[in-house]
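Data block for input_35.cif (mmCIF, C-alpha atoms and all ligand atoms):
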data_start
#
loop_
_atom_site.label_atom_id
_atom_site.label_comp_id
_atom_site.auth_asym_id
_atom_site.auth_seq_id
_atom_site.Cartn_x
_atom_site.Cartn_y
_atom_site.Cartn_z
CA MET A 1 43.06 240.26 37.03
CA GLU A 2 41.94 243.71 38.09
CA THR A 3 38.40 243.78 39.45
CA HIS A 4 35.91 246.49 40.45
CA LEU A 5 33.10 244.55 42.09
CA PRO A 6 30.23 246.52 43.70
CA GLU A 7 30.69 247.47 47.37
CA ALA A 8 27.47 245.66 48.32
CA LEU A 9 28.89 242.41 46.95
CA LEU A 10 32.26 242.94 48.62
CA ALA A 11 30.50 243.42 51.95
CA THR A 12 29.65 239.69 51.93
CA ASP A 13 31.93 236.67 52.58
CA GLU A 14 30.86 235.24 49.24
CA GLY A 15 31.63 238.48 47.40
CA ARG A 16 35.12 238.59 48.87
CA ALA A 17 35.70 234.93 47.91
CA ILE A 18 34.58 235.75 44.34
CA GLU A 19 36.99 238.70 44.23
CA ARG A 20 39.88 236.52 45.49
CA ALA A 21 39.14 233.90 42.83
CA LEU A 22 38.92 236.48 40.02
CA ARG A 23 42.11 238.24 41.11
CA THR A 24 44.02 234.94 41.13
CA CYS A 25 43.56 234.67 37.35
CA VAL A 26 46.54 236.08 35.44
CA HIS A 27 44.91 235.60 32.01
CA CYS A 28 47.63 233.24 30.79
CA GLY A 29 45.17 231.01 28.90
CA PHE A 30 46.83 227.68 29.83
CA CYS A 31 43.39 226.46 30.89
CA ASN A 32 41.95 226.80 27.38
CA ALA A 33 43.99 223.82 26.18
CA ALA A 34 42.30 221.63 28.81
CA CYS A 35 38.76 222.85 28.16
CA PRO A 36 36.46 220.57 26.13
CA THR A 37 34.11 223.32 24.94
CA TYR A 38 37.01 225.53 23.88
CA GLN A 39 38.53 222.58 22.01
CA LEU A 40 35.22 221.87 20.31
CA LEU A 41 34.05 225.41 19.52
CA GLY A 42 37.31 227.40 19.39
CA ASP A 43 35.60 230.47 20.89
CA GLU A 44 37.35 232.36 23.71
CA ALA A 45 33.98 232.90 25.43
CA ASP A 46 33.50 229.11 25.52
CA GLY A 47 36.77 228.57 27.38
CA PRO A 48 37.55 229.07 31.07
CA ARG A 49 39.49 232.32 30.66
CA GLY A 50 36.63 233.84 28.70
CA ARG A 51 34.03 232.57 31.17
CA ILE A 52 35.95 234.07 34.09
CA TYR A 53 35.95 237.39 32.24
CA LEU A 54 32.21 237.11 31.55
CA ILE A 55 31.54 236.43 35.25
CA LYS A 56 33.64 239.43 36.28
CA THR A 57 31.94 241.74 33.79
CA ALA A 58 28.41 240.62 34.70
CA LEU A 59 29.03 241.07 38.43
CA GLU A 60 30.71 244.44 37.99
CA ARG A 61 27.91 245.77 35.78
CA GLY A 62 25.07 244.08 37.64
CA ALA A 63 23.76 242.92 34.27
CA ALA A 64 24.18 239.82 32.12
CA SER A 65 23.07 239.20 28.55
CA ALA A 66 21.50 236.05 27.15
CA GLY A 67 24.82 235.50 25.34
CA THR A 68 26.76 235.51 28.62
CA ARG A 69 24.24 233.09 29.99
CA ALA A 70 24.61 230.75 27.00
CA HIS A 71 28.43 230.65 27.26
CA LEU A 72 28.22 229.88 30.98
CA ASP A 73 25.49 227.28 30.38
CA ARG A 74 27.78 225.46 27.98
CA CYS A 75 30.38 224.93 30.74
CA LEU A 76 30.39 221.25 31.75
CA HIS A 77 31.74 221.99 35.26
CA CYS A 78 34.35 219.34 34.52
CA LEU A 79 37.11 221.29 36.35
CA ALA A 80 39.80 220.32 33.84
CA CYS A 81 40.66 224.04 33.77
CA GLN A 82 41.11 224.16 37.53
CA ALA A 83 43.48 221.20 37.39
CA ALA A 84 45.47 222.84 34.57
CA CYS A 85 45.67 226.35 36.04
CA PRO A 86 49.21 227.22 37.20
CA SER A 87 47.90 230.15 39.23
CA GLY A 88 45.48 228.09 41.35
CA VAL A 89 42.20 229.75 40.34
CA PRO A 90 39.43 227.92 42.28
CA TYR A 91 37.16 227.73 39.24
CA GLY A 92 34.66 225.34 40.85
CA GLU A 93 34.20 227.60 43.87
CA LEU A 94 33.89 230.64 41.58
CA LEU A 95 31.10 228.96 39.61
CA ALA A 96 29.29 227.84 42.76
CA LEU A 97 29.34 231.37 44.18
CA ALA A 98 28.83 233.41 41.00
CA LEU A 99 26.31 231.39 38.96
CA PRO A 100 23.29 231.87 41.26
CA ARG A 101 23.89 235.65 41.06
CA ILE A 102 24.26 235.62 37.29
CA GLU A 103 21.13 233.50 36.94
CA ARG A 104 19.25 236.21 38.84
CA LEU A 105 20.60 238.80 36.36
CA ALA A 106 19.75 236.65 33.30
CA PRO A 107 17.17 234.03 34.30
CA PRO A 108 16.85 230.86 32.20
CA SER A 109 13.96 230.73 29.73
CA ARG A 110 10.67 229.10 30.71
CA ALA A 111 11.33 226.21 28.36
CA ARG A 112 14.75 225.62 29.89
CA ARG A 113 13.33 225.70 33.44
CA ALA A 114 10.60 223.26 32.45
CA LEU A 115 13.11 220.87 30.88
CA ALA A 116 15.33 221.04 33.98
CA ARG A 117 12.32 220.30 36.21
CA LEU A 118 11.33 217.37 34.02
CA ILE A 119 14.83 215.83 34.05
CA ALA A 120 15.20 216.22 37.81
CA ALA A 121 11.73 214.81 38.47
CA ALA A 122 12.25 211.83 36.15
CA LEU A 123 15.79 210.84 37.14
CA GLY A 124 16.38 212.24 40.62
CA ARG A 125 14.28 209.65 42.44
CA ARG A 126 15.16 205.99 42.44
CA GLY A 127 11.55 204.79 42.09
CA ARG A 128 10.78 207.09 39.17
CA ALA A 129 14.08 206.28 37.44
CA ARG A 130 13.19 202.56 37.71
CA THR A 131 9.69 203.13 36.29
CA LEU A 132 11.06 205.19 33.44
CA LEU A 133 13.67 202.57 32.67
CA ALA A 134 11.11 199.76 32.74
CA ALA A 135 8.96 201.71 30.27
CA ALA A 136 11.98 202.38 28.01
CA ARG A 137 12.92 198.70 28.08
CA ALA A 138 9.37 197.73 27.11
CA VAL A 139 9.53 199.86 23.95
CA ARG A 140 13.25 199.34 23.33
CA PRO A 141 12.87 197.48 20.00
CA LEU A 142 10.79 200.35 18.63
CA LEU A 143 13.31 203.06 19.51
CA PRO A 144 15.77 204.55 16.98
CA PRO A 145 19.20 202.81 17.23
CA GLY A 146 20.94 205.77 18.96
CA LEU A 147 18.29 205.92 21.69
CA ARG A 148 18.02 202.13 21.93
CA ARG A 149 21.68 201.83 22.90
CA ARG A 150 21.11 204.32 25.72
CA VAL A 151 18.66 201.94 27.42
CA PRO A 152 20.69 199.46 29.46
CA ALA A 153 19.61 195.83 29.25
CA PRO A 154 18.57 194.27 32.57
CA GLY A 155 21.38 192.18 34.05
CA THR A 156 21.46 189.57 36.78
CA VAL A 157 22.24 191.10 40.14
CA PRO A 158 24.35 188.96 42.49
CA PRO A 159 23.05 188.67 46.07
CA TRP A 160 24.19 191.17 48.72
CA PRO A 161 26.47 189.45 51.30
CA PRO A 162 25.30 189.20 54.93
CA ALA A 163 27.04 191.50 57.46
CA ARG A 164 29.78 189.42 59.10
CA HIS A 165 32.82 191.68 59.60
CA ALA A 166 33.64 194.25 62.27
CA ALA A 167 34.96 196.68 59.61
CA ARG A 168 32.10 198.44 57.76
CA ALA A 169 31.63 200.72 54.79
CA VAL A 170 28.39 202.66 54.23
CA LEU A 171 27.18 202.24 50.65
CA PRO A 172 24.23 204.52 49.73
CA ALA A 173 22.03 203.30 46.87
CA GLY A 174 21.81 206.50 44.79
CA CYS A 175 19.22 207.04 42.05
CA VAL A 176 20.04 206.45 38.37
CA GLN A 177 22.78 203.88 38.97
CA GLU A 178 20.68 201.72 41.28
CA ALA A 179 17.88 201.76 38.70
CA ALA A 180 20.00 201.27 35.57
CA ALA A 181 22.87 199.11 36.81
CA PRO A 182 22.23 197.63 40.27
CA GLY A 183 24.99 195.08 39.58
CA ILE A 184 27.63 197.75 40.25
CA ASP A 185 26.87 198.16 43.94
CA ALA A 186 26.29 194.41 44.29
CA ALA A 187 29.77 193.84 42.84
CA ALA A 188 31.21 196.43 45.23
CA ALA A 189 29.47 194.74 48.16
CA ARG A 190 30.88 191.30 47.26
CA LEU A 191 34.36 192.72 46.78
CA LEU A 192 34.26 194.53 50.13
CA ASP A 193 32.98 191.42 51.88
CA ALA A 194 35.79 189.30 50.39
CA LEU A 195 38.30 191.87 51.64
CA GLY A 196 36.91 191.77 55.20
CA ILE A 197 34.65 194.84 55.10
CA SER A 198 30.86 194.56 55.50
CA PRO A 199 28.82 196.91 53.27
CA VAL A 200 25.92 198.71 54.98
CA ARG A 201 22.93 200.13 53.07
CA PRO A 202 21.47 203.21 54.82
CA ASP A 203 17.69 203.52 55.32
CA GLY A 204 15.96 206.83 54.88
CA ASP A 205 17.68 208.23 51.80
CA GLY A 206 15.37 208.46 48.82
CA GLY A 207 17.99 208.23 46.15
CA CYS A 208 19.70 211.22 44.63
CA CYS A 209 22.65 212.93 46.32
CA GLY A 210 21.53 216.20 44.70
CA ALA A 211 24.29 216.40 42.06
CA LEU A 212 21.74 216.22 39.27
CA HIS A 213 19.67 219.09 40.75
CA ASP A 214 22.77 221.17 41.42
CA HIS A 215 23.85 220.73 37.81
CA LEU A 216 20.41 221.81 36.64
CA GLY A 217 20.57 224.99 38.74
CA GLN A 218 17.96 223.72 41.25
CA ARG A 219 20.07 224.65 44.23
CA GLU A 220 17.37 224.64 46.92
CA ALA A 221 16.29 221.15 45.85
CA ALA A 222 19.95 220.07 45.95
CA ARG A 223 20.28 221.46 49.49
CA ALA A 224 17.08 219.70 50.62
CA LEU A 225 18.45 216.38 49.33
CA ALA A 226 21.78 217.02 51.06
CA ARG A 227 19.94 217.66 54.35
CA ARG A 228 17.92 214.45 54.04
CA ASN A 229 21.01 212.41 53.23
CA VAL A 230 23.10 213.93 56.03
CA ARG A 231 20.35 212.99 58.50
CA ALA A 232 20.30 209.41 57.15
CA TRP A 233 24.06 208.88 56.83
CA ALA A 234 25.74 210.79 59.66
CA PRO A 235 24.62 208.39 62.45
CA LEU A 236 26.13 205.45 60.52
CA LEU A 237 29.53 207.14 60.31
CA ALA A 238 29.98 207.68 64.05
CA ASP A 239 32.54 204.87 64.36
CA GLY A 240 34.69 206.21 61.52
CA ALA A 241 33.23 204.00 58.76
CA PRO A 242 33.90 205.36 55.24
CA LEU A 243 31.04 206.53 53.01
CA LEU A 244 31.69 204.68 49.77
CA MET A 245 30.18 206.27 46.65
CA THR A 246 30.53 204.02 43.61
CA ALA A 247 29.62 206.79 41.14
CA SER A 248 32.43 209.37 41.11
CA GLY A 249 29.93 212.12 40.19
CA CYS A 250 28.06 211.49 43.45
CA ALA A 251 31.31 211.25 45.46
CA ALA A 252 32.45 214.62 44.12
CA HIS A 253 29.11 216.24 44.96
CA VAL A 254 28.81 214.76 48.47
CA ARG A 255 32.36 216.02 49.19
CA ARG A 256 30.77 219.49 48.85
CA TYR A 257 28.05 218.87 51.47
CA GLY A 258 30.10 220.69 54.14
CA ALA A 259 30.24 223.83 51.98
CA LEU A 260 26.61 223.46 50.81
CA LEU A 261 25.22 223.27 54.36
CA ALA A 262 27.79 225.51 56.08
CA GLY A 263 25.05 227.99 56.97
CA ASP A 264 22.69 225.38 58.45
CA PRO A 265 22.84 225.73 62.26
CA ASP A 266 21.52 222.20 62.84
CA LEU A 267 23.38 220.22 60.20
CA ALA A 268 26.61 222.06 59.36
CA GLU A 269 28.75 219.88 61.63
CA ASP A 270 27.23 216.58 60.45
CA ALA A 271 27.42 217.71 56.81
CA ALA A 272 31.15 218.41 57.18
CA ARG A 273 31.60 214.96 58.77
CA VAL A 274 29.68 213.26 55.94
CA ALA A 275 31.75 215.14 53.33
CA ALA A 276 34.99 214.12 55.02
CA ALA A 277 33.90 210.45 55.15
CA VAL A 278 33.35 210.17 51.36
CA ARG A 279 35.66 207.70 49.64
CA ASP A 280 35.92 206.78 46.00
CA PRO A 281 36.32 202.97 45.70
CA VAL A 282 39.81 203.54 44.27
CA GLU A 283 40.87 205.17 47.55
CA LEU A 284 39.39 202.36 49.62
CA LEU A 285 40.72 199.49 47.51
CA GLU A 286 44.25 200.74 46.70
CA PRO A 287 45.71 199.17 49.86
CA HIS A 288 44.19 195.84 48.72
CA ALA A 289 45.41 196.10 45.10
CA GLY A 290 47.66 193.04 45.50
CA ARG A 291 44.57 190.94 46.27
CA LEU A 292 42.57 192.06 43.21
CA ALA A 293 42.46 190.17 39.91
CA PRO A 294 40.45 190.35 36.67
CA ALA A 295 37.08 188.57 37.00
CA PRO A 296 36.60 185.47 34.83
CA GLY A 297 35.58 186.15 31.23
CA VAL A 298 36.66 189.82 31.30
CA PRO A 299 39.07 190.94 28.53
CA ARG A 300 42.53 191.72 29.94
CA ARG A 301 43.31 194.49 27.45
CA ILE A 302 41.24 197.49 28.49
CA ALA A 303 41.07 201.27 28.10
CA CYS A 304 40.40 203.21 31.25
CA HIS A 305 38.08 206.24 31.12
CA GLU A 306 38.72 208.20 34.31
CA PRO A 307 35.71 210.53 34.75
CA CYS A 308 36.34 214.25 35.28
CA THR A 309 34.71 214.00 38.70
CA GLN A 310 37.28 211.38 39.70
CA ARG A 311 40.31 213.01 38.01
CA HIS A 312 39.70 216.69 38.69
CA ALA A 313 37.07 217.08 41.44
CA LEU A 314 38.34 214.24 43.66
CA GLY A 315 41.98 214.73 42.61
CA LEU A 316 42.57 211.07 41.72
CA ALA A 317 44.05 211.45 38.21
CA GLY A 318 45.82 208.28 37.09
CA ARG A 319 44.93 206.29 40.21
CA LEU A 320 42.20 204.08 38.68
CA THR A 321 44.39 203.20 35.69
CA ALA A 322 47.28 202.34 38.02
CA LEU A 323 45.04 200.23 40.26
CA LEU A 324 43.66 198.23 37.34
CA ALA A 325 47.20 197.65 36.03
CA ARG A 326 48.23 196.36 39.46
CA ALA A 327 45.18 194.09 39.43
CA GLY A 328 46.51 192.39 36.28
CA PHE A 329 44.92 194.31 33.39
CA GLU A 330 46.82 195.57 30.39
CA THR A 331 45.70 199.21 30.32
CA VAL A 332 46.23 200.78 26.89
CA PRO A 333 47.42 204.42 26.70
CA VAL A 334 44.54 206.88 26.26
CA PRO A 335 45.39 210.27 24.70
CA GLU A 336 43.75 213.39 26.20
CA PRO A 337 42.62 211.64 29.38
CA HIS A 338 41.72 215.04 30.90
CA LEU A 339 39.02 215.88 28.31
CA CYS A 340 35.40 215.32 29.33
CA CYS A 341 33.35 212.69 27.46
CA GLY A 342 30.37 215.09 27.31
CA SER A 343 28.14 213.36 29.86
CA ALA A 344 28.55 215.77 32.82
CA GLY A 345 25.38 215.07 34.80
CA ALA A 346 22.41 216.37 32.84
CA TRP A 347 24.60 218.34 30.41
CA SER A 348 24.35 215.72 27.65
CA LEU A 349 20.55 215.98 27.79
CA LEU A 350 20.62 219.78 27.59
CA HIS A 351 23.31 219.99 24.88
CA PRO A 352 22.90 216.77 22.85
CA ARG A 353 24.78 217.94 19.74
CA LEU A 354 27.85 219.14 21.66
CA ALA A 355 27.74 216.05 23.87
CA ALA A 356 27.77 213.80 20.80
CA GLY A 357 30.84 215.67 19.50
CA LEU A 358 32.74 215.26 22.76
CA ARG A 359 31.73 211.60 22.96
CA ALA A 360 32.97 210.89 19.44
CA ARG A 361 36.32 212.50 20.27
CA LYS A 362 36.59 210.58 23.56
CA LEU A 363 35.68 207.24 21.96
CA GLU A 364 38.27 207.76 19.26
CA ARG A 365 40.93 208.30 21.96
CA LEU A 366 39.71 205.36 24.03
CA SER A 367 39.78 203.08 20.97
CA ALA A 368 43.30 204.11 19.90
CA GLY A 369 44.94 201.09 21.60
CA SER A 370 42.31 198.55 20.38
CA PRO A 371 41.03 197.55 23.84
CA GLY A 372 38.50 194.76 24.37
CA LEU A 373 36.53 196.88 26.81
CA VAL A 374 36.32 200.36 28.35
CA ALA A 375 36.38 200.61 32.15
CA THR A 376 34.97 203.66 33.91
CA ALA A 377 33.89 204.82 37.36
CA ASN A 378 30.74 206.85 36.86
CA ILE A 379 27.30 205.73 35.73
CA GLY A 380 26.66 208.93 33.73
CA CYS A 381 29.83 208.45 31.63
CA LEU A 382 29.05 204.74 31.30
CA LEU A 383 25.56 205.25 29.85
CA HIS A 384 26.67 208.14 27.64
CA LEU A 385 29.70 206.32 26.16
CA GLN A 386 27.91 202.99 25.86
CA ALA A 387 25.37 204.53 23.47
CA ALA A 388 28.04 204.85 20.76
CA ALA A 389 31.03 202.75 21.87
CA PRO A 390 32.44 200.03 19.58
CA VAL A 391 33.28 197.85 22.63
CA PRO A 392 31.42 197.26 25.92
CA VAL A 393 31.69 199.97 28.59
CA ARG A 394 31.58 198.68 32.18
CA HIS A 395 32.06 199.99 35.69
CA TRP A 396 35.48 198.81 36.87
CA LEU A 397 34.07 197.32 40.08
CA GLU A 398 32.31 194.71 37.95
CA LEU A 399 35.59 193.73 36.30
CA VAL A 400 37.63 192.71 39.33
CA GLU A 401 37.38 190.06 42.01
CA ALA A 402 39.32 189.35 45.18
CA ARG A 403 41.91 186.60 44.91
S1 LIG A 501 45.14 229.04 33.49
FE1 LIG A 501 44.39 229.95 35.39
S2 LIG A 501 45.38 231.96 35.50
FE2 LIG A 501 45.60 231.25 33.38
S3 LIG A 501 43.79 232.13 32.31
FE3 LIG A 501 43.21 230.08 32.99
S4 LIG A 501 42.24 230.43 34.99
FE4 LIG A 501 43.39 232.30 34.52
S1 LIG A 502 34.83 223.44 33.86
FE1 LIG A 502 35.37 222.29 31.99
S2 LIG A 502 33.99 223.08 30.40
FE2 LIG A 502 33.92 224.54 32.11
S3 LIG A 502 35.45 226.08 31.58
FE3 LIG A 502 36.50 224.56 32.88
S4 LIG A 502 37.41 223.08 31.44
FE4 LIG A 502 35.88 224.29 30.30
#

Could you quickly redo this structure as structure tokens?
Amino acid sequence: METHLPEALLATDEGRAIERALRTCVHCGFCNAACPTYQLLGDEADGPRGRIYLIKTALERGAASAGTRAHLDRCLHCLACQAACPSGVPYGELLALALPRIERLAPPSRARRALARLIAAALGRRGRARTLLAAARAVRPLLPPGLRRRVPAPGTVPPWPPARHAARAVLPAGCVQEAAAPGIDAAAARLLDALGISPVRPDGDGGCCGALHDHLGQREAARALARRNVRAWAPLLADGAPLLMTASGCAAHVRRYGALLAGDPDLAEDAARVAAAVRDPVELLEPHAGRLAPAPGVPRRIACHEPCTQRHALGLAGRLTALLARAGFETVPVPEPHLCCGSAGAWSLLHPRLAAGLRARKLERLSAGSPGLVATANIGCLLHLQAAAPVPVRHWLELVEAR
């Protein structure tokens, strides 16, 4: 794609990276077939090719309309387009570099900023997320059915095993997941322990990895959280222990810590080390697949929902489904596995109607093989799908045990 970006922008490293990304696009449109908003709305400007063109035009003109802003806001950042692009356009990097500039040209409305602040404040801290959840559970019977199903019931949390192995994996607690479904990390801890790896909980992190804030455009808050977490986690990784993130959305975001803090003279090196240490549980447990089996009472016939963050951002497409099949599950075929379910961090809260449309489409595909259960790998997808799913939706770590 031909570009004419302003000289002042091209004088910066970021500007040159934006130009490289834009010029890699050959306008073929293959990415549109993989894009959930294009599939849903059928508008070129709500597909990746159109969004790339909008970014280019806004940066060249130094001006962006509210319409441009709305089309870019509707992007889920799912990266299905990046995975589908034959030309190798780094769409995620382009968004990360271009969006802050476009937001300065067309700032979000006051109402939108207030909503973003409210969501981040309510969910981005473990303590507050717990309080909010406790309040929602207290009034659960009074809520409308759609909302009621979004409030997870409290479950029993198995005890955390004592540290007894030389091999260790660092397992940060996170925010929403630890409040809504603490059984997931407890299941991961028991599984690791049975496989000869002791899970370690870091002190000093307050919860969120910053993915939620980043998604909401609160980039300084996201950086502050990254700094706090790097300080808490880096010392625990000195002996080469992996940093296990049981929510793929968090894993994908923490993998970006190196890039996020590249300009920080004190933390850049540690941030890169933290990012390199991130492992999705699939990566850590694949070598042990022969020792995994379905947990008692779990249906054997399941549909696997691989989150976009796991498939596209972490590059693990197909790996969770294959691992669960090796563990003894019958995994039913799921059409359109690349299409987002509509959760996408805080996106489902900001675009509830579109999110419901994507969820309905995803649930139809997941139900095609009549599974007894849906397995997934990200708490956001789990809570979003569970609100309308005809069968239970569970994190896969709660479905397996070590033989
Ligand atoms: S598939 Fe890649 S090269 Fe083709 S239009 Fe989309 S981003 Fe551009
Ligand atoms: S990131 Fe997802 S929603 Fe955004 S343009 Fe790409 S495929 Fe479409």

Contacts of ligand LIG 501 (chain A), 10 Å or closer, all atoms listed in the file, given as a PyMOL selection string: chain A and resi 1+21-35+47-53+81-91

What's around A:Gly62 at 9 Å? Count only C-alpha atoms, leave out sequence neighbours fewer than 2 positions away in its own chain, and write the answer as number ranges by chain. A: 6, 57-60, 64, 102, 105

Write a file of the just-selected residues containing C-alpha atoms, as a PDB file, in the frame of the given file.
ATOM      1  CA  PRO A   6      30.230 246.520  43.700  1.00  0.00           C
ATOM      2  CA  THR A  57      31.940 241.740  33.790  1.00  0.00           C
ATOM      3  CA  ALA A  58      28.410 240.620  34.700  1.00  0.00           C
ATOM      4  CA  LEU A  59      29.030 241.070  38.430  1.00  0.00           C
ATOM      5  CA  GLU A  60      30.710 244.440  37.990  1.00  0.00           C
ATOM      6  CA  ALA A  64      24.180 239.820  32.120  1.00  0.00           C
ATOM      7  CA  ILE A 102      24.260 235.620  37.290  1.00  0.00           C
ATOM      8  CA  LEU A 105      20.600 238.800  36.360  1.00  0.00           C
TER       9      LEU A 105
END

Set up a box along x, y and z of the file covering all listed atoms of stretch 193-201 of chain A, add 6 Å on every one of the six sides, and write the centre and edge lengths in Å to one decimal, as JSON.
{"center_x": 30.6, "center_y": 194.7, "center_z": 52.9, "size_x": 27.4, "size_y": 22.8, "size_z": 17.1}

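Nearest to ligand LIG 502 (chain A) of all the residues A:His338, A:Arg101, A:Arg301, A:Arg130 is A:His338, counting all atoms listed in the file.
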
| task | Mind giving me the straight-line distance from atom CA of A:Gly196 to atom CA of A:Ile379 in Å, one decimal? | result |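 Atom CA of A:Ile379 lies 25.8 Å from atom CA of A:Gly196.
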
One residue among A:Ala106, A:Ala98, A:Leu385, A:Val170 is nearest to A:Pro235 when using all atoms listed in the file, and that residue is A:Val170

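Taking all atoms listed in the file into account, ligand LIG 502 (chain A) lies nearest to A:His312 out of the set A:Arg223, A:Arg228, A:His312, A:Arg148.
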
With distances taken over only C-alpha atoms, the candidate from A:Ala389, A:Ala355, A:Arg20, A:Ala259 nearest A:Cys75 is A:Ala355

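Using all atoms listed in the file, the smallest distance between any of A:Ala114, A:Leu244, A:Leu132, A:Ala276 and A:Tyr257 comes from A:Ala276.
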
task = Could you jot down the atom CA of A:Thr37 to atom CA of A:Trp396 separation for me, Å, one decimal place?
result =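 Answer for the atom CA of A:Thr37 to atom CA of A:Trp396 separation: 27.3 Å.
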
The residue from A:Gly217, A:Pro371, A:Gly345, A:Gly240 with the smallest atom-to-atom distance to A:Arg113, counting only C-alpha atoms, is A:Gly217

Quiz prompt | atom CA of A:Leu216 to atom CA of A:Leu99, straight-line distance in Å | solution =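 Between atom CA of A:Leu99 and atom CA of A:Leu216 the gap works out to 11.5 Å.
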
Show me, as an mmCIF file with C-alpha atoms, keeping the file's coordinate frame, the residues that have an atom within 12 Å of A:Ala271 when counting only C-alpha atoms, minus same-chain residues fewer than 5 positions from it.
data_model
loop_
_atom_site.group_PDB
_atom_site.id
_atom_site.type_symbol
_atom_site.label_atom_id
_atom_site.label_comp_id
_atom_site.auth_asym_id
_atom_site.auth_seq_id
_atom_site.Cartn_x
_atom_site.Cartn_y
_atom_site.Cartn_z
ATOM 1 C CA ARG A 223 20.280 221.460 49.490
ATOM 2 C CA LEU A 225 18.450 216.380 49.330
ATOM 3 C CA ALA A 226 21.780 217.020 51.060
ATOM 4 C CA ARG A 227 19.940 217.660 54.350
ATOM 5 C CA ARG A 228 17.920 214.450 54.040
ATOM 6 C CA ASN A 229 21.010 212.410 53.230
ATOM 7 C CA VAL A 230 23.100 213.930 56.030
ATOM 8 C CA ARG A 231 20.350 212.990 58.500
ATOM 9 C CA ALA A 232 20.300 209.410 57.150
ATOM 10 C CA TRP A 233 24.060 208.880 56.830
ATOM 11 C CA ALA A 234 25.740 210.790 59.660
ATOM 12 C CA PRO A 235 24.620 208.390 62.450
ATOM 13 C CA LEU A 237 29.530 207.140 60.310
ATOM 14 C CA VAL A 254 28.810 214.760 48.470
ATOM 15 C CA ARG A 255 32.360 216.020 49.190
ATOM 16 C CA ARG A 256 30.770 219.490 48.850
ATOM 17 C CA TYR A 257 28.050 218.870 51.470
ATOM 18 C CA GLY A 258 30.100 220.690 54.140
ATOM 19 C CA ALA A 259 30.240 223.830 51.980
ATOM 20 C CA LEU A 260 26.610 223.460 50.810
ATOM 21 C CA LEU A 261 25.220 223.270 54.360
ATOM 22 C CA ALA A 262 27.790 225.510 56.080
ATOM 23 C CA GLY A 263 25.050 227.990 56.970
ATOM 24 C CA ASP A 264 22.690 225.380 58.450
ATOM 25 C CA PRO A 265 22.840 225.730 62.260
ATOM 26 C CA ASP A 266 21.520 222.200 62.840
ATOM 27 C CA ALA A 276 34.990 214.120 55.020
ATOM 28 C CA ALA A 277 33.900 210.450 55.150
ATOM 29 C CA VAL A 278 33.350 210.170 51.360
#

Neighbouring residues of A:Leu76 were defined as those with any atom within 10 Å, considering all atoms listed in the file; residues of the same chain fewer than 3 positions away were excluded. Please report them as a list in words.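 My reading of the contact set: Cys35, Pro36, Thr37, Leu72, Asp73, Leu79, Ala80, His215, Cys308, Cys340, Gly342, Ser343, Ala344, Gly345, Ala346, Trp347, Ser348, His351 and Ala355 of chain A.
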
Writer output for current selection, C-alpha atoms, as a tab-separated table (two decimals), in the coordinates of the input:
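And here is the file that came out, result11.tsv:
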chain	number	residue	atom	x	y	z
A	35	CYS	CA	38.76	222.85	28.16
A	36	PRO	CA	36.46	220.57	26.13
A	37	THR	CA	34.11	223.32	24.94
A	72	LEU	CA	28.22	229.88	30.98
A	73	ASP	CA	25.49	227.28	30.38
A	79	LEU	CA	37.11	221.29	36.35
A	80	ALA	CA	39.80	220.32	33.84
A	215	HIS	CA	23.85	220.73	37.81
A	308	CYS	CA	36.34	214.25	35.28
A	340	CYS	CA	35.40	215.32	29.33
A	342	GLY	CA	30.37	215.09	27.31
A	343	SER	CA	28.14	213.36	29.86
A	344	ALA	CA	28.55	215.77	32.82
A	345	GLY	CA	25.38	215.07	34.80
A	346	ALA	CA	22.41	216.37	32.84
A	347	TRP	CA	24.60	218.34	30.41
A	348	SER	CA	24.35	215.72	27.65
A	351	HIS	CA	23.31	219.99	24.88
A	355	ALA	CA	27.74	216.05	23.87

For A:Arg279, find every residue with an atom within 8 Å (counting only C-alpha atoms), except residues of its own chain fewer than 5 positions away, and show them as a PyMOL selection string.
chain A and resi 242-245+251+284

Missing atoms of stretch 333-339 of chain A rebuilt to N, CA and C atoms, written as an mmCIF file, keeping the file's coordinate frame:
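Just written: result-v2.cif:
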data_model
loop_
_atom_site.group_PDB
_atom_site.id
_atom_site.type_symbol
_atom_site.label_atom_id
_atom_site.label_comp_id
_atom_site.auth_asym_id
_atom_site.auth_seq_id
_atom_site.Cartn_x
_atom_site.Cartn_y
_atom_site.Cartn_z
ATOM 1 N N PRO A 333 47.332 202.961 26.536
ATOM 2 C CA PRO A 333 47.420 204.420 26.700
ATOM 3 C C PRO A 333 46.206 205.108 26.080
ATOM 4 N N VAL A 334 45.699 206.122 26.759
ATOM 5 C CA VAL A 334 44.540 206.880 26.260
ATOM 6 C C VAL A 334 44.948 208.347 26.110
ATOM 7 N N PRO A 335 45.059 208.845 24.865
ATOM 8 C CA PRO A 335 45.390 210.270 24.700
ATOM 9 C C PRO A 335 44.299 211.171 25.279
ATOM 10 N N GLU A 336 44.674 212.383 25.652
ATOM 11 C CA GLU A 336 43.750 213.390 26.200
ATOM 12 C C GLU A 336 42.875 212.851 27.331
ATOM 13 N N PRO A 337 43.471 212.214 28.324
ATOM 14 C CA PRO A 337 42.620 211.640 29.380
ATOM 15 C C PRO A 337 41.866 212.710 30.174
ATOM 16 N N HIS A 338 42.340 213.977 30.103
ATOM 17 C CA HIS A 338 41.720 215.040 30.900
ATOM 18 C C HIS A 338 40.442 215.583 30.263
ATOM 19 N N LEU A 339 40.186 215.272 28.980
ATOM 20 C CA LEU A 339 39.020 215.880 28.310
ATOM 21 C C LEU A 339 37.732 215.137 28.636
#
